[in-house]
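Content type mmCIF, C-alpha atoms, from the file target-v5.cif:
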```cif
data_target
loop_
_atom_site.label_atom_id
_atom_site.label_comp_id
_atom_site.auth_asym_id
_atom_site.auth_seq_id
_atom_site.Cartn_x
_atom_site.Cartn_y
_atom_site.Cartn_z
CA ARG A 1 0.00 0.00 0.00
CA ALA A 2 2.84 2.38 0.81
CA ILE A 3 4.45 1.79 -2.60
CA GLY A 4 1.11 2.33 -4.33
CA ALA A 5 0.60 5.59 -2.47
CA LEU A 6 4.06 6.79 -3.49
CA ARG A 7 3.34 5.94 -7.13
CA GLU A 8 0.03 7.84 -7.00
CA ALA A 9 1.74 10.86 -5.44
CA ALA A 10 4.47 10.85 -8.11
CA ALA A 11 1.87 10.63 -10.88
CA ALA A 12 -0.08 13.52 -9.38
CA ALA A 13 3.08 15.63 -9.16
CA ARG A 14 3.87 14.97 -12.82
CA GLU A 15 0.34 15.93 -13.83
CA THR A 16 0.38 19.19 -11.88
CA SER A 17 3.90 20.45 -12.51
CA GLY A 18 5.86 18.31 -14.90
CA THR A 19 4.80 17.87 -18.48
CA PRO A 20 3.59 21.29 -19.77
CA ALA A 21 6.77 23.13 -18.67
CA PRO A 22 8.91 22.56 -21.80
CA ALA A 23 6.19 24.06 -24.02
CA ALA A 24 7.08 27.64 -23.06
CA PRO A 25 10.67 27.62 -24.37
CA ALA A 26 9.51 25.86 -27.52
CA GLY A 27 6.83 28.46 -28.03
CA GLY A 28 9.35 31.26 -27.52
CA VAL A 29 11.72 29.72 -30.06
CA LEU A 30 8.90 29.37 -32.58
CA ALA A 31 7.81 32.97 -32.05
CA GLY A 32 11.38 34.23 -32.43
CA THR A 33 11.87 32.16 -35.57
CA ALA A 34 8.66 33.54 -37.06
CA THR A 35 9.82 37.09 -36.33
CA VAL A 36 13.21 36.49 -37.98
CA LEU A 37 11.62 34.84 -41.01
CA GLY A 38 9.16 37.73 -41.33
CA GLY A 39 12.03 40.23 -41.28
CA LEU A 40 13.97 38.25 -43.87
CA THR A 41 10.88 38.07 -46.09
CA ASP A 42 10.44 41.85 -45.91
CA ALA A 43 14.12 42.32 -46.73
CA VAL A 44 13.89 40.06 -49.79
CA VAL A 45 10.78 41.88 -51.04
CA VAL A 46 12.40 45.30 -50.66
CA ILE A 47 15.67 44.19 -52.31
CA PHE A 48 13.92 42.67 -55.30
CA LEU A 49 11.61 45.66 -55.69
CA VAL A 50 14.54 48.10 -55.68
CA PHE A 51 16.50 45.86 -58.06
CA PHE A 52 13.72 45.65 -60.62
CA GLN A 53 13.04 49.37 -60.39
CA LEU A 54 16.70 50.08 -61.15
CA TRP A 55 16.79 47.44 -63.86
CA SER A 56 13.76 48.92 -65.61
CA GLY A 57 15.81 52.03 -66.47
CA ASP A 58 13.72 54.80 -67.97
CA LEU A 59 10.66 52.57 -68.44
CA TYR A 60 8.51 54.65 -66.09
CA ARG A 61 9.61 57.87 -67.75
CA ARG A 62 8.65 56.56 -71.19
CA LYS A 63 5.32 55.29 -69.90
CA LEU A 64 4.46 58.62 -68.28
CA LEU A 65 5.43 60.51 -71.41
CA ALA A 66 3.14 58.23 -73.41
CA ILE A 67 0.31 58.89 -70.94
CA ALA A 68 0.88 62.64 -71.28
CA GLY A 69 -0.37 62.42 -74.85
CA PRO A 70 0.92 63.53 -78.26
CA ARG A 71 0.98 67.26 -77.50
CA LEU A 72 4.57 68.48 -77.31
CA SER A 73 3.87 71.04 -74.58
CA ARG A 74 2.40 68.41 -72.24
CA ARG A 75 5.26 66.01 -72.90
CA ARG A 76 7.80 68.75 -72.13
CA ALA A 77 6.00 69.63 -68.89
CA THR A 78 5.92 65.96 -67.88
CA LEU A 79 9.61 65.56 -68.65
CA ARG A 80 10.50 68.68 -66.62
CA THR A 81 8.49 67.33 -63.69
CA LEU A 82 10.24 63.94 -63.83
CA VAL A 83 13.67 65.55 -64.02
CA ASP A 84 12.79 67.78 -61.06
CA ILE A 85 11.67 64.75 -59.04
CA GLU A 86 14.91 62.91 -59.78
CA SER A 87 16.96 65.96 -58.86
CA ARG A 88 15.11 66.44 -55.58
CA ILE A 89 15.53 62.80 -54.57
CA ARG A 90 19.22 62.87 -55.48
CA ARG A 91 19.83 65.99 -53.39
CA PHE A 92 17.78 64.55 -50.55
CA LEU A 93 19.79 61.32 -50.44
CA VAL A 94 23.11 63.19 -50.58
CA VAL A 95 22.05 65.42 -47.69
CA ARG A 96 20.87 62.37 -45.71
CA VAL A 97 24.23 60.67 -46.13
CA VAL A 98 26.20 63.81 -45.19
CA THR A 99 24.09 64.61 -42.13
CA GLY A 100 24.14 60.96 -41.05
CA LEU A 101 27.93 60.95 -41.14
CA ILE A 102 28.09 64.20 -39.15
CA VAL A 103 25.64 62.87 -36.53
CA ALA A 104 27.61 59.62 -36.27
CA LEU A 105 30.92 61.45 -35.80
CA ALA A 106 29.58 63.95 -33.26
CA THR A 107 27.76 61.27 -31.25
CA TRP A 108 30.83 59.01 -31.24
CA LEU A 109 33.13 61.79 -30.01
CA GLY A 110 30.66 62.87 -27.32
CA LEU A 111 30.12 59.33 -26.01
CA GLN A 112 33.86 58.70 -26.13
CA TRP A 113 34.37 61.79 -23.97
CA ILE A 114 31.75 60.54 -21.48
CA GLY A 115 33.54 57.19 -21.36
CA LEU A 116 30.78 54.95 -22.69
CA GLU A 117 31.88 51.54 -23.94
CA HIS A 118 31.41 50.79 -27.65
CA ALA A 119 30.99 54.49 -28.38
CA PHE A 120 31.84 53.96 -32.04
CA VAL A 121 29.03 51.43 -32.48
CA TRP A 122 26.53 53.77 -30.84
CA GLY A 123 27.72 56.66 -33.00
CA LEU A 124 27.29 54.56 -36.13
CA LEU A 125 23.84 53.49 -34.98
CA ALA A 126 22.88 57.13 -34.34
CA GLY A 127 24.00 58.10 -37.85
CA VAL A 128 22.04 55.28 -39.49
CA LEU A 129 18.85 55.72 -37.46
CA ASN A 130 18.99 59.47 -38.04
CA ALA A 131 17.41 58.66 -41.41
CA ILE A 132 14.20 57.74 -39.56
CA PRO A 133 12.52 60.96 -38.39
CA TYR A 134 11.30 61.16 -34.78
CA VAL A 135 11.63 57.43 -34.08
CA GLY A 136 15.33 56.93 -34.81
CA PRO A 137 16.71 59.45 -32.28
CA ILE A 138 14.30 58.18 -29.62
CA ILE A 139 15.51 54.60 -30.11
CA VAL A 140 19.16 55.66 -29.80
CA SER A 141 18.55 57.83 -26.73
CA GLY A 142 16.52 55.11 -25.02
CA GLY A 143 19.22 52.54 -25.71
CA LEU A 144 21.93 54.86 -24.40
CA LEU A 145 19.92 55.48 -21.23
CA VAL A 146 19.71 51.74 -20.52
CA VAL A 147 23.36 51.08 -21.42
CA GLY A 148 24.52 54.03 -19.34
CA LEU A 149 22.63 52.76 -16.30
CA VAL A 150 24.12 49.29 -16.71
CA GLN A 151 27.70 50.49 -17.25
CA PHE A 152 27.96 53.40 -14.83
CA GLY A 153 25.17 52.67 -12.36
CA SER A 154 24.49 56.40 -12.32
CA ALA A 155 21.30 57.99 -13.57
CA THR A 156 23.09 61.30 -14.10
CA ILE A 157 25.68 59.89 -16.50
CA ALA A 158 23.08 57.75 -18.27
CA LEU A 159 20.84 60.77 -18.78
CA SER A 160 23.85 62.74 -20.03
CA ALA A 161 24.55 60.11 -22.70
CA ALA A 162 20.91 60.01 -23.79
CA ALA A 163 20.66 63.81 -23.81
CA LEU A 164 23.85 64.05 -25.86
CA ALA A 165 22.34 61.96 -28.64
CA LEU A 166 19.14 64.02 -28.58
CA VAL A 167 21.06 67.31 -28.66
CA VAL A 168 23.16 66.19 -31.64
CA THR A 169 20.15 65.04 -33.67
CA SER A 170 18.17 68.13 -32.68
CA LEU A 171 20.93 70.49 -33.81
CA GLU A 172 21.18 68.52 -37.06
CA GLY A 173 17.44 68.75 -37.62
CA TRP A 174 17.09 72.43 -36.71
CA LEU A 175 20.27 73.94 -38.13
CA LEU A 176 22.30 71.70 -40.42
CA ASP A 177 19.49 69.95 -42.27
CA PRO A 178 17.63 73.16 -43.28
CA LEU A 179 20.92 74.77 -44.26
CA LEU A 180 21.90 71.93 -46.59
CA MET A 181 18.47 70.97 -47.84
CA GLY A 182 17.11 74.45 -48.47
CA ARG A 183 13.53 75.59 -48.25
CA ALA A 184 12.66 74.03 -51.59
CA GLU A 185 13.31 70.54 -50.22
CA ARG A 186 11.14 70.92 -47.14
CA ILE A 187 8.44 68.26 -46.73
CA ASN A 188 5.26 68.78 -44.75
CA ALA A 189 5.73 67.43 -41.21
CA VAL A 190 2.27 65.84 -41.12
CA ALA A 191 2.96 64.09 -44.43
CA VAL A 192 6.25 62.76 -43.04
CA LEU A 193 4.56 61.40 -39.91
CA VAL A 194 1.68 59.79 -41.83
CA GLY A 195 4.04 58.31 -44.41
CA LEU A 196 6.32 57.01 -41.67
CA VAL A 197 3.44 55.27 -39.87
CA PHE A 198 1.99 53.84 -43.10
CA TRP A 199 5.21 52.45 -44.59
CA THR A 200 6.38 51.11 -41.24
CA ALA A 201 3.12 49.20 -40.97
CA VAL A 202 3.55 47.88 -44.53
CA TRP A 203 7.30 47.05 -44.57
CA GLY A 204 8.40 47.23 -40.96
CA ALA A 205 11.88 48.65 -40.35
CA TRP A 206 12.60 48.81 -44.09
CA GLY A 207 9.50 50.95 -44.58
CA ALA A 208 10.70 53.31 -41.85
CA PHE A 209 13.99 53.82 -43.70
CA LEU A 210 12.38 54.24 -47.15
CA ALA A 211 9.33 56.33 -46.17
CA VAL A 212 10.92 59.78 -46.31
CA PRO A 213 12.90 59.24 -49.56
CA MET A 214 9.71 58.03 -51.26
CA LEU A 215 7.84 61.07 -49.97
CA ALA A 216 10.63 63.31 -51.23
#
```

Would you mind writing the file out in structure tokens?
Amino acid sequence: RAIGALREAAAAARETSGTPAPAAPAGGVLAGTATVLGGLTDAVVVIFLVFFQLWSGDLYRRKLLAIAGPRLSRRRATLRTLVDIESRIRRFLVVRVVTGLIVALATWLGLQWIGLEHAFVWGLLAGVLNAIPYVGPIIVSGGLLVVGLVQFGSATIALSAAALALVVTSLEGWLLDPLLMGRAERINAVAVLVGLVFWTAVWGAWGAFLAVPMLA
């Protein structure tokens, strides 16, 4: 009877606490795998779309000129508009690259002065994410706040690192960007925000990076 009671107790313990436990790690692995696969799928779609757009050459220009009709004046106006669009996007991308490099350099030097570990990586991240309006600087500053608390154990130094990144991106957005871009390249702030939300929902992180150039 004693052995039977022990067997019943062991079976009850397995039923209450034993068997379902491994399901949680498996579920977490499956969820993480699905997230990675989803990101890779978005990346493949964006890469192929950009490739085929570049490969098509002046196909879209010729199609739009054909849609404009046979009148020479309308075709000239359409061609001028297309050339203006290409010029604006080219200038926009050049300015984005230049300002991103400046933000990366300034952030790296500032974090190096504070004494933060991996300052170069954080500076590079700040320069890249600077291409995403509003969201990019917030991500960098939030990450620096957490890393600063872990490394220094001081809220003051952590806040200084986060504030440094915000100050650099703010100065770039208020002074350097308007100076380089010019008033003609300004995009409506509401349009930027709506486009950022829409393309992020459609393409995730890739949409966040491509939203503003497409709007430009």

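Straight-line separation from atom CA of A:Pro213 to atom CA of A:Leu144: 27.1 Å.
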
Report summary line: Separating atom CA of A:Ile85 from atom CA of A:Ala126, to the nearest tenth of an Å, is a gap of 28.2 Å

Report task. Work out how far apart atom CA of A:Gln112 and atom CA of A:Val98 are and give it in Å to one decimal. Result ->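 Between atom CA of A:Gln112 and atom CA of A:Val98 the gap is 21.2 Å.
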
Query - Residues near A:Pro137, cut-off 10 Å, all atoms listed in the file, skip fewer than 5 positions along chain, as an MDAnalysis selection string - result: chainID A and resid 125:132 142:143 162 165:170

For the selection you just gave me, I'd like the residues written to a file as a compact mmCIF listing (two decimals), in the frame of the given file, keeping C-alpha atoms.
```
# COMPACT_ATOMS: atom_id res chain seq x y z
CA LEU A 125 23.84 53.49 -34.98
CA ALA A 126 22.88 57.13 -34.34
CA GLY A 127 24.00 58.10 -37.85
CA VAL A 128 22.04 55.28 -39.49
CA LEU A 129 18.85 55.72 -37.46
CA ASN A 130 18.99 59.47 -38.04
CA ALA A 131 17.41 58.66 -41.41
CA ILE A 132 14.20 57.74 -39.56
CA GLY A 142 16.52 55.11 -25.02
CA GLY A 143 19.22 52.54 -25.71
CA ALA A 162 20.91 60.01 -23.79
CA ALA A 165 22.34 61.96 -28.64
CA LEU A 166 19.14 64.02 -28.58
CA VAL A 167 21.06 67.31 -28.66
CA VAL A 168 23.16 66.19 -31.64
CA THR A 169 20.15 65.04 -33.67
CA SER A 170 18.17 68.13 -32.68
```

Requested in this report: Using all atoms listed in the file, find the one residue out of A:Thr99, A:Ser154, A:Ser141, A:Leu82 that sits nearest to A:Trp174.
Outcome: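 Selected residue with least distance to A:Trp174: A:Thr99.
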
Query raised in the report: For A:Ala106, which residue out of A:Leu164, A:Ala158, A:Arg90, A:Leu145 is the nearest one, using all atoms listed in the file?
Result: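 Distance minimum relative to A:Ala106 lands on A:Leu164.
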
Extract, using all atoms listed in the file, all DNA, RNA and protein residues at most 12 Å from A:Arg80, discarding same-chain residues fewer than 6 positions from it, and format them as an mmCIF file with C-alpha atoms, in the coordinates of the input.
```cif
data_model
loop_
_atom_site.group_PDB
_atom_site.id
_atom_site.type_symbol
_atom_site.label_atom_id
_atom_site.label_comp_id
_atom_site.auth_asym_id
_atom_site.auth_seq_id
_atom_site.Cartn_x
_atom_site.Cartn_y
_atom_site.Cartn_z
ATOM 1 C CA ARG A 61 9.610 57.870 -67.750
ATOM 2 C CA LEU A 64 4.460 58.620 -68.280
ATOM 3 C CA LEU A 65 5.430 60.510 -71.410
ATOM 4 C CA SER A 73 3.870 71.040 -74.580
ATOM 5 C CA ARG A 74 2.400 68.410 -72.240
ATOM 6 C CA GLU A 86 14.910 62.910 -59.780
ATOM 7 C CA SER A 87 16.960 65.960 -58.860
#
```

Report task. For A:Val46, work out the shell of residues within 10 Å, counting all atoms listed in the file and skipping chain neighbours fewer than 3 positions away, then give it as a list of chain:residue names. Result -> A:Leu40, A:Thr41, A:Asp42, A:Ala43, A:Leu49, A:Val50, A:Phe51, A:Trp203, A:Trp206, A:Gly207, A:Leu210

Include C-alpha atoms and write out the residues we just selected as a compact mmCIF listing (two decimals), keeping the file's coordinate frame.
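result.txt written:
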```
# COMPACT_ATOMS: atom_id res chain seq x y z
CA LEU A 40 13.97 38.25 -43.87
CA THR A 41 10.88 38.07 -46.09
CA ASP A 42 10.44 41.85 -45.91
CA ALA A 43 14.12 42.32 -46.73
CA LEU A 49 11.61 45.66 -55.69
CA VAL A 50 14.54 48.10 -55.68
CA PHE A 51 16.50 45.86 -58.06
CA TRP A 203 7.30 47.05 -44.57
CA TRP A 206 12.60 48.81 -44.09
CA GLY A 207 9.50 50.95 -44.58
CA LEU A 210 12.38 54.24 -47.15
```

**Report entry** Pick from A:Ala119, A:Val150, A:Ile47, A:Ala216 nearest to A:Arg91, counting only C-alpha atoms
**Finding:**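 Between A:Ala119, A:Val150, A:Ile47, A:Ala216, the residue approaching A:Arg91 most closely is A:Ala216.
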
**Report entry** From A:Leu37, A:Val192, A:Leu215, A:Val44, residue lying nearest A:Ile89 [all atoms listed in the file]
**Finding:**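 Selected residue with least distance to A:Ile89: A:Leu215.
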
Query - For A:Glu117, the nearest of the candidates A:Leu79, A:Ala34, A:Val197, A:Val147, counting all atoms listed in the file - result: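 The closest residue to A:Glu117 is A:Val147.
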
Query - Best match for closeness to A:Leu93 among A:Met214, A:Gly110, A:Gly123, A:His118, counting all atoms listed in the file - result: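 Nearest to A:Leu93: A:Met214.
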
Can you patch up stretch 109-120 of chain A, filling it in to all heavy atoms, and show the result as a compact mmCIF listing (two decimals), in the frame of the given file?
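selection-v5.txt was written with the following content:
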```txt
# COMPACT_ATOMS: atom_id res chain seq x y z
N LEU A 109 32.18 61.00 -30.79
CA LEU A 109 33.13 61.79 -30.01
C LEU A 109 32.56 62.15 -28.64
O LEU A 109 33.27 62.11 -27.62
CB LEU A 109 33.51 63.05 -30.78
CG LEU A 109 34.31 62.83 -32.08
CD1 LEU A 109 34.55 64.14 -32.80
CD2 LEU A 109 35.63 62.12 -31.78
N GLY A 110 31.27 62.51 -28.59
CA GLY A 110 30.66 62.87 -27.32
C GLY A 110 30.59 61.69 -26.36
O GLY A 110 30.90 61.82 -25.17
N LEU A 111 30.20 60.52 -26.86
CA LEU A 111 30.12 59.33 -26.01
C LEU A 111 31.51 58.86 -25.59
O LEU A 111 31.68 58.34 -24.48
CB LEU A 111 29.38 58.22 -26.75
CG LEU A 111 27.90 58.49 -27.07
CD1 LEU A 111 27.30 57.34 -27.85
CD2 LEU A 111 27.10 58.74 -25.79
N GLN A 112 32.49 59.05 -26.49
CA GLN A 112 33.86 58.70 -26.13
C GLN A 112 34.35 59.60 -25.00
O GLN A 112 35.05 59.13 -24.09
CB GLN A 112 34.77 58.86 -27.36
CG GLN A 112 36.17 58.33 -27.19
CD GLN A 112 36.23 56.82 -27.23
OE1 GLN A 112 35.35 56.17 -27.78
NE2 GLN A 112 37.26 56.25 -26.62
N TRP A 113 33.98 60.87 -25.03
CA TRP A 113 34.37 61.79 -23.97
C TRP A 113 33.70 61.42 -22.65
O TRP A 113 34.32 61.51 -21.58
CB TRP A 113 33.99 63.20 -24.38
CG TRP A 113 34.26 64.23 -23.32
CD1 TRP A 113 35.48 64.69 -22.92
CD2 TRP A 113 33.29 64.90 -22.52
NE1 TRP A 113 35.33 65.62 -21.91
CE2 TRP A 113 33.99 65.77 -21.64
CE3 TRP A 113 31.91 64.86 -22.45
CZ2 TRP A 113 33.34 66.57 -20.73
CZ3 TRP A 113 31.25 65.67 -21.53
CH2 TRP A 113 31.97 66.51 -20.68
N ILE A 114 32.44 60.97 -22.70
CA ILE A 114 31.75 60.54 -21.48
C ILE A 114 32.38 59.28 -20.92
O ILE A 114 32.38 59.06 -19.70
CB ILE A 114 30.25 60.33 -21.78
CG1 ILE A 114 29.58 61.69 -22.06
CG2 ILE A 114 29.54 59.63 -20.63
CD1 ILE A 114 28.13 61.59 -22.45
N GLY A 115 32.92 58.43 -21.81
CA GLY A 115 33.54 57.19 -21.36
C GLY A 115 32.67 55.97 -21.57
O GLY A 115 32.93 54.91 -20.97
N LEU A 116 31.67 56.07 -22.44
CA LEU A 116 30.78 54.95 -22.69
C LEU A 116 31.49 53.90 -23.53
O LEU A 116 32.21 54.21 -24.48
CB LEU A 116 29.52 55.43 -23.44
CG LEU A 116 28.41 54.39 -23.60
CD1 LEU A 116 27.66 54.22 -22.28
CD2 LEU A 116 27.44 54.81 -24.70
N GLU A 117 31.30 52.64 -23.17
CA GLU A 117 31.88 51.54 -23.94
C GLU A 117 31.18 51.42 -25.30
O GLU A 117 29.99 51.70 -25.42
CB GLU A 117 31.77 50.23 -23.17
CG GLU A 117 32.56 50.21 -21.87
CD GLU A 117 32.41 48.89 -21.13
OE1 GLU A 117 31.61 48.04 -21.61
OE2 GLU A 117 33.06 48.72 -20.09
N HIS A 118 31.93 50.97 -26.29
CA HIS A 118 31.41 50.79 -27.65
C HIS A 118 30.82 52.09 -28.19
O HIS A 118 29.76 52.10 -28.82
CB HIS A 118 30.36 49.68 -27.69
CG HIS A 118 30.80 48.40 -27.04
ND1 HIS A 118 31.85 47.64 -27.52
CD2 HIS A 118 30.34 47.76 -25.92
CE1 HIS A 118 32.00 46.57 -26.74
NE2 HIS A 118 31.12 46.63 -25.77
N ALA A 119 31.49 53.19 -27.93
CA ALA A 119 30.99 54.49 -28.38
C ALA A 119 30.91 54.56 -29.89
O ALA A 119 29.99 55.19 -30.45
CB ALA A 119 31.89 55.60 -27.84
N PHE A 120 31.86 53.93 -30.58
CA PHE A 120 31.84 53.96 -32.04
C PHE A 120 30.60 53.29 -32.60
O PHE A 120 29.98 53.78 -33.55
CB PHE A 120 33.10 53.29 -32.59
CG PHE A 120 33.12 53.19 -34.09
CD1 PHE A 120 33.43 54.29 -34.87
CD2 PHE A 120 32.80 51.99 -34.73
CE1 PHE A 120 33.44 54.21 -36.26
CE2 PHE A 120 32.80 51.90 -36.11
CZ PHE A 120 33.12 53.01 -36.88
```
